[in-house]
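Below is one structure, written out as structure tokens; comments come after it.
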Amino acid sequence: MVCIFASKLRCYVDCTSFFLPSLEYSKVMVPIQMVDLKRQYAAIKSEVDQAVIEVMNNTAFINGKAVTDFTTSLSRYLNIPHVIPCANGTDALQIAMMALGLEPGDEVITPSFTYIATTEVIALLRLKPVFVDVDPITFCIDPASIRKAITTKTKAIVPVHLYGQAAPMEEIMLIAKEFGLYVIEDNAQAIGASIHYSDGSVHLTGTIGDIGCTSFFPSKNLGAFGDGGAIFTQNAELADKIRMIANHGQSKRYYHDIVGCNSRLDSMQAAVLNVKLKFLDQYNQSRRNAATQYSRAFENNPKITTPATSACNTHVFHQYTLVLNGVDRDGLVSYLAEKQVPAMIYYPVPAHRQQMFTFLNLPDVNLPVTDWLTEKVVSLPIHTELDADQLDYITHHVLEYINK
Ligand SMILES: *Cc1c(COP(=O)(O)O)cnc(C)c1O
């Protein structure tokens with residue numbers, strides 16, 4: 001239905017756009033969302049429904065076959081021996097830090113320019129977040145800033161593959177080795193992204209550090225129909241510890257050796273994810289195609305910096321984020337809202353300026369790139385279902401505002 005509708009209207013636009021002063025939204029296409037989960041679901045509905053019904057029929061809602069199947073598929077996809085599913089991405093990070101045996105007061109180096117979960121769990125475990133700056137081009141943690149932040153108390157680095165762009169893991173792993181630090185990758189936004197090392201080897205994000213963490217929040221590149229998360233490691237001993245912690249510190253039922261928590265991926269979510277995992281590469285490619293069309297439209301505009309992509313990394317565009325130069329950002333967002341184009345600021349307040357961290361007493365923390373990006377970034381709709389008409393409509397209105 002949607003297809004017939006859309007193609008008819010495309011003809012309408014093609015034939016008449018010459019006469020239109022600007023593209024008319026209501027006549028042109030399906031509503032634009034930041035993430036269009038409805039249309040994504042529609043495309044795989046029968047398979048997903050069948051998988052969920054199977055869980056309902058066999059009633060193994062917790063740790064059922066769907067969970068084992070998904071864990072095995074994800075482990076194969078990532079080519080990593082140990083995948084431990086859990087309740088959400090925040091838990092994944094928390095459990096990872098617990099498993100490494102970090103102790104109160106230990107310092108953990110992390111970017112401030114990230115979603116709050118990355119930094120929140122550090123504080124929750126009474127570890128000390130040490131915020132460092134990001135690279136102005138990739139928006140990911142800057143290795144030179146990591147080096148400067150290392151003290152005798154530093155125990156771990158938590159790089160974030162922000163917006164779907166891989167952090168510079170090759171350099172980060174060298175620093176970690178030099179100083180004997182753990183690396184926990186926050187891969188919540190970049191599942192399926194890869195990095196080419198200088199020796200020619202290719203590595204998937206989340207599989208490089210001691211532990212990788214991800215989230216299956218519905219809007220993530222691999223999203224469930226609710227909450228979910230997973231933890232990855234190459235290390236069997238660490239995997240056992242992670243499994244224990246996520247399961248009340250027990251390896252034998254009702255014998256609790258260490259203090260843990262209760263963090264599970266339920267069978268319904270696993271069933272959905274197991275279907276969607278098959279489409280992950282295709283989904284990431286759709287996101288890249290949309291990003292390419294955006295960047296082409298904004299090319300050479302002095303007021304817009306489009307996201308950097310490199311020959312060495314595959315960007316999976318969890319977000320498509322512009323840096324604006326000399327543009328009233330709030331004005332642009334309101335103008336787009338009037339045109340029924342959503343746009344978001346990820347993130348309006350960096351972690352080191354959040355009220356929750358006032359107890360850390362951080363007046364000396366100077367993160368100029370983070371502060372600059374916080375003021376200048378804007379993210380446009382990006383998802384697996386964006387079509388060429390929608391993208392034309394969005395870029396047309398962005399440029400109309402910016403060039404006015
Ligand atoms: C989404 C996200 C998380 C947390 O995931 P939840 O499943 O929502 O707990 C952590 N870090 C980053 C960078 C994220 O984008």
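How things are named: the first chain in the structure tokens is A, the next is B, and so on; residues count from 1 in each chain; ligands count from 1 in the order shown.
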
Just the residues within 8 Å of region 305-313 of chain A, please, counting only C-alpha atoms, with nothing from its chain fewer than 3 positions along; format it as a ChimeraX atom specification.
-> /A:137-138,165-166,193-197,295,298-299,301-302,320-325

Protein and nucleic residues near ligand 1, 9 Å, only C-alpha atoms and all ligand atoms, as a ChimeraX atom specification = /A:87-93,114-119,160-163,186-190,213-220,227-229,318

Next, dump the selected residues to file, keeping only N, CA and C atoms, as an mmCIF file, in the first residue's frame.
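Saved file selection_1.cif follows:
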```
data_model
loop_
_atom_site.group_PDB
_atom_site.id
_atom_site.type_symbol
_atom_site.label_atom_id
_atom_site.label_comp_id
_atom_site.auth_asym_id
_atom_site.auth_seq_id
_atom_site.Cartn_x
_atom_site.Cartn_y
_atom_site.Cartn_z
ATOM 1 N N ALA A 87 20.065 -6.741 30.244
ATOM 2 C CA ALA A 87 18.775 -6.028 30.172
ATOM 3 C C ALA A 87 18.801 -4.738 29.364
ATOM 4 N N ASN A 88 19.936 -4.068 29.303
ATOM 5 C CA ASN A 88 20.039 -2.805 28.551
ATOM 6 C C ASN A 88 21.507 -2.413 28.434
ATOM 7 N N GLY A 89 21.778 -1.387 27.671
ATOM 8 C CA GLY A 89 23.160 -0.974 27.429
ATOM 9 C C GLY A 89 23.827 -0.374 28.666
ATOM 10 N N THR A 90 23.038 0.275 29.496
ATOM 11 C CA THR A 90 23.599 0.869 30.712
ATOM 12 C C THR A 90 24.068 -0.236 31.660
ATOM 13 N N ASP A 91 23.238 -1.262 31.808
ATOM 14 C CA ASP A 91 23.640 -2.428 32.616
ATOM 15 C C ASP A 91 24.900 -3.066 32.042
ATOM 16 N N ALA A 92 24.967 -3.153 30.723
ATOM 17 C CA ALA A 92 26.130 -3.778 30.080
ATOM 18 C C ALA A 92 27.412 -3.070 30.534
ATOM 19 N N LEU A 93 27.375 -1.747 30.526
ATOM 20 C CA LEU A 93 28.549 -0.973 30.931
ATOM 21 C C LEU A 93 28.850 -1.188 32.419
ATOM 22 N N THR A 114 29.039 12.454 25.098
ATOM 23 C CA THR A 114 28.446 11.128 24.904
ATOM 24 C C THR A 114 27.086 11.124 25.567
ATOM 25 N N TYR A 115 26.359 10.031 25.383
ATOM 26 C CA TYR A 115 25.120 9.841 26.124
ATOM 27 C C TYR A 115 25.491 9.590 27.586
ATOM 28 N N ILE A 116 24.662 10.081 28.479
ATOM 29 C CA ILE A 116 25.007 10.110 29.903
ATOM 30 C C ILE A 116 25.322 8.731 30.494
ATOM 31 N N ALA A 117 24.700 7.677 29.961
ATOM 32 C CA ALA A 117 24.869 6.335 30.526
ATOM 33 C C ALA A 117 26.335 5.931 30.658
ATOM 34 N N THR A 118 27.142 6.299 29.667
ATOM 35 C CA THR A 118 28.555 5.921 29.667
ATOM 36 C C THR A 118 29.227 6.367 30.960
ATOM 37 N N THR A 119 28.920 7.582 31.365
ATOM 38 C CA THR A 119 29.638 8.199 32.474
ATOM 39 C C THR A 119 28.930 7.948 33.804
ATOM 40 N N VAL A 160 33.848 5.726 23.253
ATOM 41 C CA VAL A 160 32.482 5.608 22.735
ATOM 42 C C VAL A 160 32.551 5.755 21.210
ATOM 43 N N HIS A 161 31.935 4.829 20.508
ATOM 44 C CA HIS A 161 31.889 4.925 19.037
ATOM 45 C C HIS A 161 30.682 5.793 18.699
ATOM 46 N N LEU A 162 30.868 7.090 18.836
ATOM 47 C CA LEU A 162 29.737 8.017 18.831
ATOM 48 C C LEU A 162 29.103 8.193 17.459
ATOM 49 N N TYR A 163 27.794 8.186 17.454
ATOM 50 C CA TYR A 163 26.971 8.374 16.243
ATOM 51 C C TYR A 163 27.188 7.258 15.207
ATOM 52 N N ASP A 186 32.194 1.372 24.463
ATOM 53 C CA ASP A 186 30.755 1.642 24.450
ATOM 54 C C ASP A 186 30.320 1.625 22.985
ATOM 55 N N ASN A 187 29.780 0.466 22.602
ATOM 56 C CA ASN A 187 29.416 0.247 21.195
ATOM 57 C C ASN A 187 27.901 0.366 20.979
ATOM 58 N N ALA A 188 27.229 1.090 21.887
ATOM 59 C CA ALA A 188 25.764 1.191 21.814
ATOM 60 C C ALA A 188 25.288 1.817 20.504
ATOM 61 N N GLN A 189 26.133 2.666 19.903
ATOM 62 C CA GLN A 189 25.690 3.373 18.700
ATOM 63 C C GLN A 189 26.338 2.842 17.419
ATOM 64 N N ALA A 190 27.150 1.806 17.536
ATOM 65 C CA ALA A 190 27.950 1.464 16.342
ATOM 66 C C ALA A 190 28.006 -0.021 16.012
ATOM 67 N N CYS A 213 30.408 -3.306 24.908
ATOM 68 C CA CYS A 213 29.038 -3.235 25.418
ATOM 69 C C CYS A 213 28.140 -2.674 24.341
ATOM 70 N N THR A 214 26.924 -3.183 24.268
ATOM 71 C CA THR A 214 25.986 -2.559 23.342
ATOM 72 C C THR A 214 24.591 -2.492 23.931
ATOM 73 N N SER A 215 23.742 -1.733 23.249
ATOM 74 C CA SER A 215 22.357 -1.542 23.654
ATOM 75 C C SER A 215 21.455 -1.931 22.492
ATOM 76 N N PHE A 216 20.326 -2.542 22.832
ATOM 77 C CA PHE A 216 19.311 -2.840 21.814
ATOM 78 C C PHE A 216 18.070 -1.973 22.007
ATOM 79 N N PHE A 217 18.255 -0.805 22.596
ATOM 80 C CA PHE A 217 17.176 0.174 22.690
ATOM 81 C C PHE A 217 16.540 0.297 21.293
ATOM 82 N N PRO A 218 15.201 0.428 21.229
ATOM 83 C CA PRO A 218 14.540 0.335 19.918
ATOM 84 C C PRO A 218 15.129 1.202 18.801
ATOM 85 N N SER A 219 15.627 2.384 19.134
ATOM 86 C CA SER A 219 16.123 3.271 18.072
ATOM 87 C C SER A 219 17.572 2.999 17.682
ATOM 88 N N LYS A 220 18.238 2.076 18.363
ATOM 89 C CA LYS A 220 19.637 1.783 18.004
ATOM 90 C C LYS A 220 19.686 1.040 16.665
ATOM 91 N N ASP A 227 13.636 -2.877 25.868
ATOM 92 C CA ASP A 227 15.038 -2.734 26.265
ATOM 93 C C ASP A 227 15.820 -4.015 26.045
ATOM 94 N N GLY A 228 17.120 -3.862 25.870
ATOM 95 C CA GLY A 228 18.006 -5.003 25.751
ATOM 96 C C GLY A 228 19.435 -4.526 25.650
ATOM 97 N N GLY A 229 20.369 -5.417 25.920
ATOM 98 C CA GLY A 229 21.777 -5.062 25.808
ATOM 99 C C GLY A 229 22.623 -6.314 25.738
ATOM 100 N N HIS A 318 24.483 5.890 13.207
ATOM 101 C CA HIS A 318 23.396 5.875 14.195
ATOM 102 C C HIS A 318 22.739 7.259 14.211
#
```

Please give the complete set of residues from region 148-206 of chain A that DSSP, run on the backbone, assigns to strand (DSSP E), formatted as a ChimeraX atom specification.
-> /A:154-157,182-186,194-196,202-204

For the residues in the current selection, export N, CA and C atoms as a compact mmCIF listing (two decimals), in the first residue's frame.
```txt
# COMPACT_ATOMS: atom_id res chain seq x y z
N THR A 154 44.67 5.75 37.27
CA THR A 154 43.89 5.37 36.08
C THR A 154 43.87 3.86 35.92
N LYS A 155 42.66 3.32 35.72
CA LYS A 155 42.54 1.87 35.55
C LYS A 155 41.93 1.48 34.20
N ALA A 156 41.14 2.38 33.64
CA ALA A 156 40.42 1.97 32.41
C ALA A 156 40.12 3.16 31.52
N ILE A 157 39.93 2.84 30.24
CA ILE A 157 39.49 3.82 29.25
C ILE A 157 38.17 3.32 28.69
N TYR A 182 42.64 -1.16 31.30
CA TYR A 182 41.55 -1.90 30.63
C TYR A 182 40.86 -0.98 29.63
N VAL A 183 40.29 -1.60 28.60
CA VAL A 183 39.49 -0.83 27.64
C VAL A 183 38.09 -1.45 27.55
N ILE A 184 37.09 -0.62 27.81
CA ILE A 184 35.69 -1.05 27.65
C ILE A 184 35.10 -0.20 26.53
N GLU A 185 34.70 -0.83 25.45
CA GLU A 185 34.13 -0.07 24.33
C GLU A 185 32.63 0.12 24.53
N ASP A 186 32.19 1.37 24.46
CA ASP A 186 30.75 1.64 24.45
C ASP A 186 30.32 1.63 22.98
N SER A 194 33.15 -1.18 11.42
CA SER A 194 34.46 -1.84 11.46
C SER A 194 35.59 -0.84 11.26
N ILE A 195 36.76 -1.27 11.69
CA ILE A 195 37.96 -0.43 11.62
C ILE A 195 39.05 -1.22 10.90
N HIS A 196 39.72 -0.56 9.96
CA HIS A 196 40.89 -1.17 9.31
C HIS A 196 42.13 -0.69 10.04
N VAL A 202 41.08 -6.14 9.80
CA VAL A 202 39.80 -5.45 9.99
C VAL A 202 39.18 -5.92 11.30
N HIS A 203 38.70 -4.98 12.09
CA HIS A 203 38.12 -5.32 13.40
C HIS A 203 36.76 -4.67 13.55
N LEU A 204 35.83 -5.45 14.10
CA LEU A 204 34.50 -4.87 14.36
C LEU A 204 34.53 -4.12 15.68
```

Write out as a PyMOL selection string each polymer residue whose atoms come within 10 Å of region 141-147 of chain A, counting only C-alpha atoms; drop sequence neighbours fewer than 5 positions from it.
-> chain A and resi 109-114+130-136+157-162+166-176+179+367+370

Residues just named, written with N, CA, C and O atoms as a compact mmCIF listing (two decimals), in the first residue's frame:
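So the final result, stored in part.txt, reads:
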```txt
# COMPACT_ATOMS: atom_id res chain seq x y z
N ILE A 109 38.88 6.91 32.32
CA ILE A 109 38.92 7.99 31.32
C ILE A 109 37.83 7.78 30.28
O ILE A 109 37.69 6.68 29.71
N THR A 110 37.07 8.82 30.04
CA THR A 110 35.92 8.70 29.13
C THR A 110 35.63 10.06 28.51
O THR A 110 35.98 11.08 29.08
N PRO A 111 34.98 10.07 27.34
CA PRO A 111 34.61 11.38 26.79
C PRO A 111 33.43 11.97 27.58
O PRO A 111 32.63 11.23 28.15
N SER A 112 33.34 13.28 27.56
CA SER A 112 32.20 13.97 28.15
C SER A 112 31.11 14.12 27.09
O SER A 112 29.93 14.24 27.41
N PHE A 113 31.54 14.12 25.84
CA PHE A 113 30.61 14.27 24.71
C PHE A 113 30.06 12.90 24.34
O PHE A 113 30.55 12.21 23.43
N THR A 114 29.04 12.45 25.10
CA THR A 114 28.45 11.13 24.90
C THR A 114 27.09 11.12 25.57
O THR A 114 26.72 12.07 26.26
N VAL A 130 36.98 10.50 34.55
CA VAL A 130 37.93 11.55 34.16
C VAL A 130 37.58 11.91 32.72
O VAL A 130 37.79 11.12 31.80
N PHE A 131 37.00 13.09 32.57
CA PHE A 131 36.47 13.49 31.26
C PHE A 131 37.56 14.06 30.38
O PHE A 131 38.31 14.94 30.81
N VAL A 132 37.64 13.57 29.16
CA VAL A 132 38.62 14.12 28.22
C VAL A 132 37.90 14.56 26.95
O VAL A 132 36.74 14.23 26.72
N ASP A 133 38.65 15.30 26.14
CA ASP A 133 38.05 15.92 24.98
C ASP A 133 37.95 14.95 23.80
O ASP A 133 38.56 13.87 23.81
N VAL A 134 37.19 15.38 22.80
CA VAL A 134 37.01 14.56 21.60
C VAL A 134 37.67 15.23 20.40
O VAL A 134 38.04 16.41 20.46
N ASP A 135 37.80 14.46 19.35
CA ASP A 135 38.36 14.97 18.11
C ASP A 135 37.30 15.81 17.40
O ASP A 135 36.15 15.38 17.29
N PRO A 136 37.67 17.00 16.89
CA PRO A 136 36.66 17.86 16.27
C PRO A 136 36.10 17.31 14.95
O PRO A 136 35.04 17.73 14.50
N ILE A 157 39.93 2.84 30.24
CA ILE A 157 39.49 3.82 29.25
C ILE A 157 38.17 3.32 28.69
O ILE A 157 38.04 2.13 28.37
N VAL A 158 37.20 4.21 28.57
CA VAL A 158 35.92 3.83 27.95
C VAL A 158 35.68 4.70 26.71
O VAL A 158 35.10 5.78 26.79
N PRO A 159 36.17 4.25 25.56
CA PRO A 159 35.88 4.99 24.33
C PRO A 159 34.44 4.74 23.89
O PRO A 159 33.88 3.67 24.15
N VAL A 160 33.85 5.73 23.25
CA VAL A 160 32.48 5.61 22.74
C VAL A 160 32.55 5.76 21.21
O VAL A 160 33.17 6.70 20.71
N HIS A 161 31.94 4.83 20.51
CA HIS A 161 31.89 4.93 19.04
C HIS A 161 30.68 5.79 18.70
O HIS A 161 29.62 5.29 18.33
N LEU A 162 30.87 7.09 18.84
CA LEU A 162 29.74 8.02 18.83
C LEU A 162 29.10 8.19 17.46
O LEU A 162 29.81 8.36 16.46
N ALA A 166 33.59 4.81 14.43
CA ALA A 166 34.52 4.11 15.32
C ALA A 166 35.53 5.08 15.94
O ALA A 166 36.10 5.92 15.24
N ALA A 167 35.74 4.94 17.23
CA ALA A 167 36.81 5.68 17.91
C ALA A 167 38.15 5.11 17.43
O ALA A 167 38.20 3.98 16.92
N PRO A 168 39.24 5.86 17.57
CA PRO A 168 40.55 5.39 17.05
C PRO A 168 41.12 4.27 17.92
O PRO A 168 42.02 4.47 18.74
N MET A 169 40.59 3.06 17.75
CA MET A 169 40.92 1.95 18.65
C MET A 169 42.37 1.49 18.56
O MET A 169 42.93 1.03 19.54
N GLU A 170 42.96 1.62 17.39
CA GLU A 170 44.34 1.14 17.26
C GLU A 170 45.24 1.94 18.21
O GLU A 170 46.03 1.37 18.97
N GLU A 171 45.08 3.26 18.19
CA GLU A 171 45.88 4.11 19.08
C GLU A 171 45.50 3.91 20.54
O GLU A 171 46.35 3.86 21.42
N ILE A 172 44.20 3.77 20.78
CA ILE A 172 43.73 3.60 22.16
C ILE A 172 44.29 2.30 22.76
O ILE A 172 44.75 2.28 23.90
N MET A 173 44.30 1.23 21.97
CA MET A 173 44.81 -0.05 22.49
C MET A 173 46.32 0.02 22.77
O MET A 173 46.80 -0.61 23.71
N LEU A 174 47.04 0.81 21.97
CA LEU A 174 48.48 0.97 22.21
C LEU A 174 48.71 1.71 23.53
O LEU A 174 49.58 1.33 24.33
N ILE A 175 47.92 2.76 23.76
CA ILE A 175 48.03 3.51 25.02
C ILE A 175 47.70 2.59 26.20
O ILE A 175 48.40 2.57 27.21
N ALA A 176 46.62 1.82 26.05
CA ALA A 176 46.19 0.93 27.12
C ALA A 176 47.28 -0.08 27.46
O ALA A 176 47.55 -0.37 28.63
N PHE A 179 50.26 1.58 29.35
CA PHE A 179 50.02 1.95 30.74
C PHE A 179 49.28 0.87 31.55
O PHE A 179 48.92 1.10 32.71
N LEU A 367 37.33 21.42 28.29
CA LEU A 367 37.11 20.58 27.12
C LEU A 367 36.56 21.45 25.98
O LEU A 367 35.36 21.43 25.68
N THR A 370 34.56 19.73 23.08
CA THR A 370 33.26 19.26 23.58
C THR A 370 32.28 20.42 23.72
O THR A 370 31.13 20.34 23.26
```

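Once Val48 (chain A) and its same-chain neighbours fewer than 4 positions away are set aside, Gln40, Tyr41, Ala42, Ala43, Ile44, Val52, Ile53, Glu54, Val55, Ala224, Phe225, Met268, Gln269, Ala270, Ala271, Val272, Leu273, Asn274, Val275, Lys276, Leu277 and Lys278 of chain A remain within 12 Å of it when counting only C-alpha atoms.
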
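Excluding Arg353 (chain A) and any residue on its chain fewer than 4 positions from it, the residues at most 10 Å away by only C-alpha atoms are Ser112, Val349, Phe357, Thr358, Leu362, Pro363, Val365 and Asp371 of chain A.
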
Save out the residues we just selected, C-alpha atoms, as a short mmCIF file (atom, residue, chain, number, x, y, z; two decimals), in the first residue's frame.
```
data_model
loop_
_atom_site.label_atom_id
_atom_site.label_comp_id
_atom_site.auth_asym_id
_atom_site.auth_seq_id
_atom_site.Cartn_x
_atom_site.Cartn_y
_atom_site.Cartn_z
CA SER A 112 32.20 13.97 28.15
CA VAL A 349 24.70 19.34 27.85
CA PHE A 357 28.58 15.51 38.55
CA THR A 358 28.81 18.69 40.62
CA LEU A 362 35.22 19.88 38.06
CA PRO A 363 35.82 23.60 37.52
CA VAL A 365 38.03 20.58 33.41
CA ASP A 371 31.85 22.67 24.52
#
```

Polymer residues at most 7 Å from Arg288 (chain A), only C-alpha atoms, same-chain spacing of 4 or more positions, as a PDB file with all heavy atoms, in the first residue's frame:
```
ATOM      1  N   ASN A 284      22.386  -0.991   8.068  1.00  0.00           N
ATOM      2  CA  ASN A 284      23.509  -0.046   8.151  1.00  0.00           C
ATOM      3  C   ASN A 284      23.825   0.549   6.781  1.00  0.00           C
ATOM      4  O   ASN A 284      24.170   1.722   6.667  1.00  0.00           O
ATOM      5  CB  ASN A 284      24.744  -0.717   8.761  1.00  0.00           C
ATOM      6  CG  ASN A 284      24.613  -0.894  10.271  1.00  0.00           C
ATOM      7  OD1 ASN A 284      23.801  -0.212  10.908  1.00  0.00           O
ATOM      8  ND2 ASN A 284      25.401  -1.781  10.855  1.00  0.00           N
ATOM      9  N   THR A 292      24.918   9.556   2.582  1.00  0.00           N
ATOM     10  CA  THR A 292      25.587   9.996   1.351  1.00  0.00           C
ATOM     11  C   THR A 292      24.735  11.036   0.629  1.00  0.00           C
ATOM     12  O   THR A 292      25.244  12.047   0.151  1.00  0.00           O
ATOM     13  CB  THR A 292      25.843   8.787   0.421  1.00  0.00           C
ATOM     14  OG1 THR A 292      26.578   7.828   1.161  1.00  0.00           O
ATOM     15  CG2 THR A 292      26.619   9.175  -0.817  1.00  0.00           C
ATOM     16  N   VAL A 316      28.430   3.711  10.659  1.00  0.00           N
ATOM     17  CA  VAL A 316      27.098   3.098  10.523  1.00  0.00           C
ATOM     18  C   VAL A 316      25.968   4.090  10.839  1.00  0.00           C
ATOM     19  O   VAL A 316      24.806   3.693  10.954  1.00  0.00           O
ATOM     20  CB  VAL A 316      26.940   1.790  11.350  1.00  0.00           C
ATOM     21  CG1 VAL A 316      27.849   0.709  10.785  1.00  0.00           C
ATOM     22  CG2 VAL A 316      27.209   2.023  12.825  1.00  0.00           C
ATOM     23  N   PHE A 317      26.330   5.356  10.958  1.00  0.00           N
ATOM     24  CA  PHE A 317      25.340   6.441  11.041  1.00  0.00           C
ATOM     25  C   PHE A 317      24.166   6.157  11.959  1.00  0.00           C
ATOM     26  O   PHE A 317      23.013   6.203  11.546  1.00  0.00           O
ATOM     27  CB  PHE A 317      24.864   6.843   9.638  1.00  0.00           C
ATOM     28  CG  PHE A 317      25.935   7.574   8.884  1.00  0.00           C
ATOM     29  CD1 PHE A 317      26.730   6.913   7.957  1.00  0.00           C
ATOM     30  CD2 PHE A 317      26.195   8.913   9.147  1.00  0.00           C
ATOM     31  CE1 PHE A 317      27.758   7.576   7.294  1.00  0.00           C
ATOM     32  CE2 PHE A 317      27.218   9.576   8.490  1.00  0.00           C
ATOM     33  CZ  PHE A 317      27.995   8.902   7.558  1.00  0.00           C
TER      34      PHE A 317
END
```

DSSP on the backbone: what in region 173-239 of chain A comes out helix (DSSP H, G or I), as an mmCIF file with C-alpha atoms, in the first residue's frame?
```
data_model
loop_
_atom_site.group_PDB
_atom_site.id
_atom_site.type_symbol
_atom_site.label_atom_id
_atom_site.label_comp_id
_atom_site.auth_asym_id
_atom_site.auth_seq_id
_atom_site.Cartn_x
_atom_site.Cartn_y
_atom_site.Cartn_z
ATOM 1 C CA MET A 173 44.810 -0.047 22.491
ATOM 2 C CA LEU A 174 48.482 0.970 22.214
ATOM 3 C CA ILE A 175 48.031 3.512 25.018
ATOM 4 C CA ALA A 176 46.186 0.929 27.124
ATOM 5 C CA LYS A 177 48.987 -1.570 26.636
ATOM 6 C CA GLU A 178 51.674 0.971 27.453
ATOM 7 C CA PHE A 179 50.021 1.951 30.742
ATOM 8 C CA ALA A 236 36.745 -16.794 28.695
ATOM 9 C CA GLU A 237 37.511 -16.040 32.352
ATOM 10 C CA LEU A 238 36.081 -12.556 32.071
ATOM 11 C CA ALA A 239 33.027 -13.978 30.291
#
```
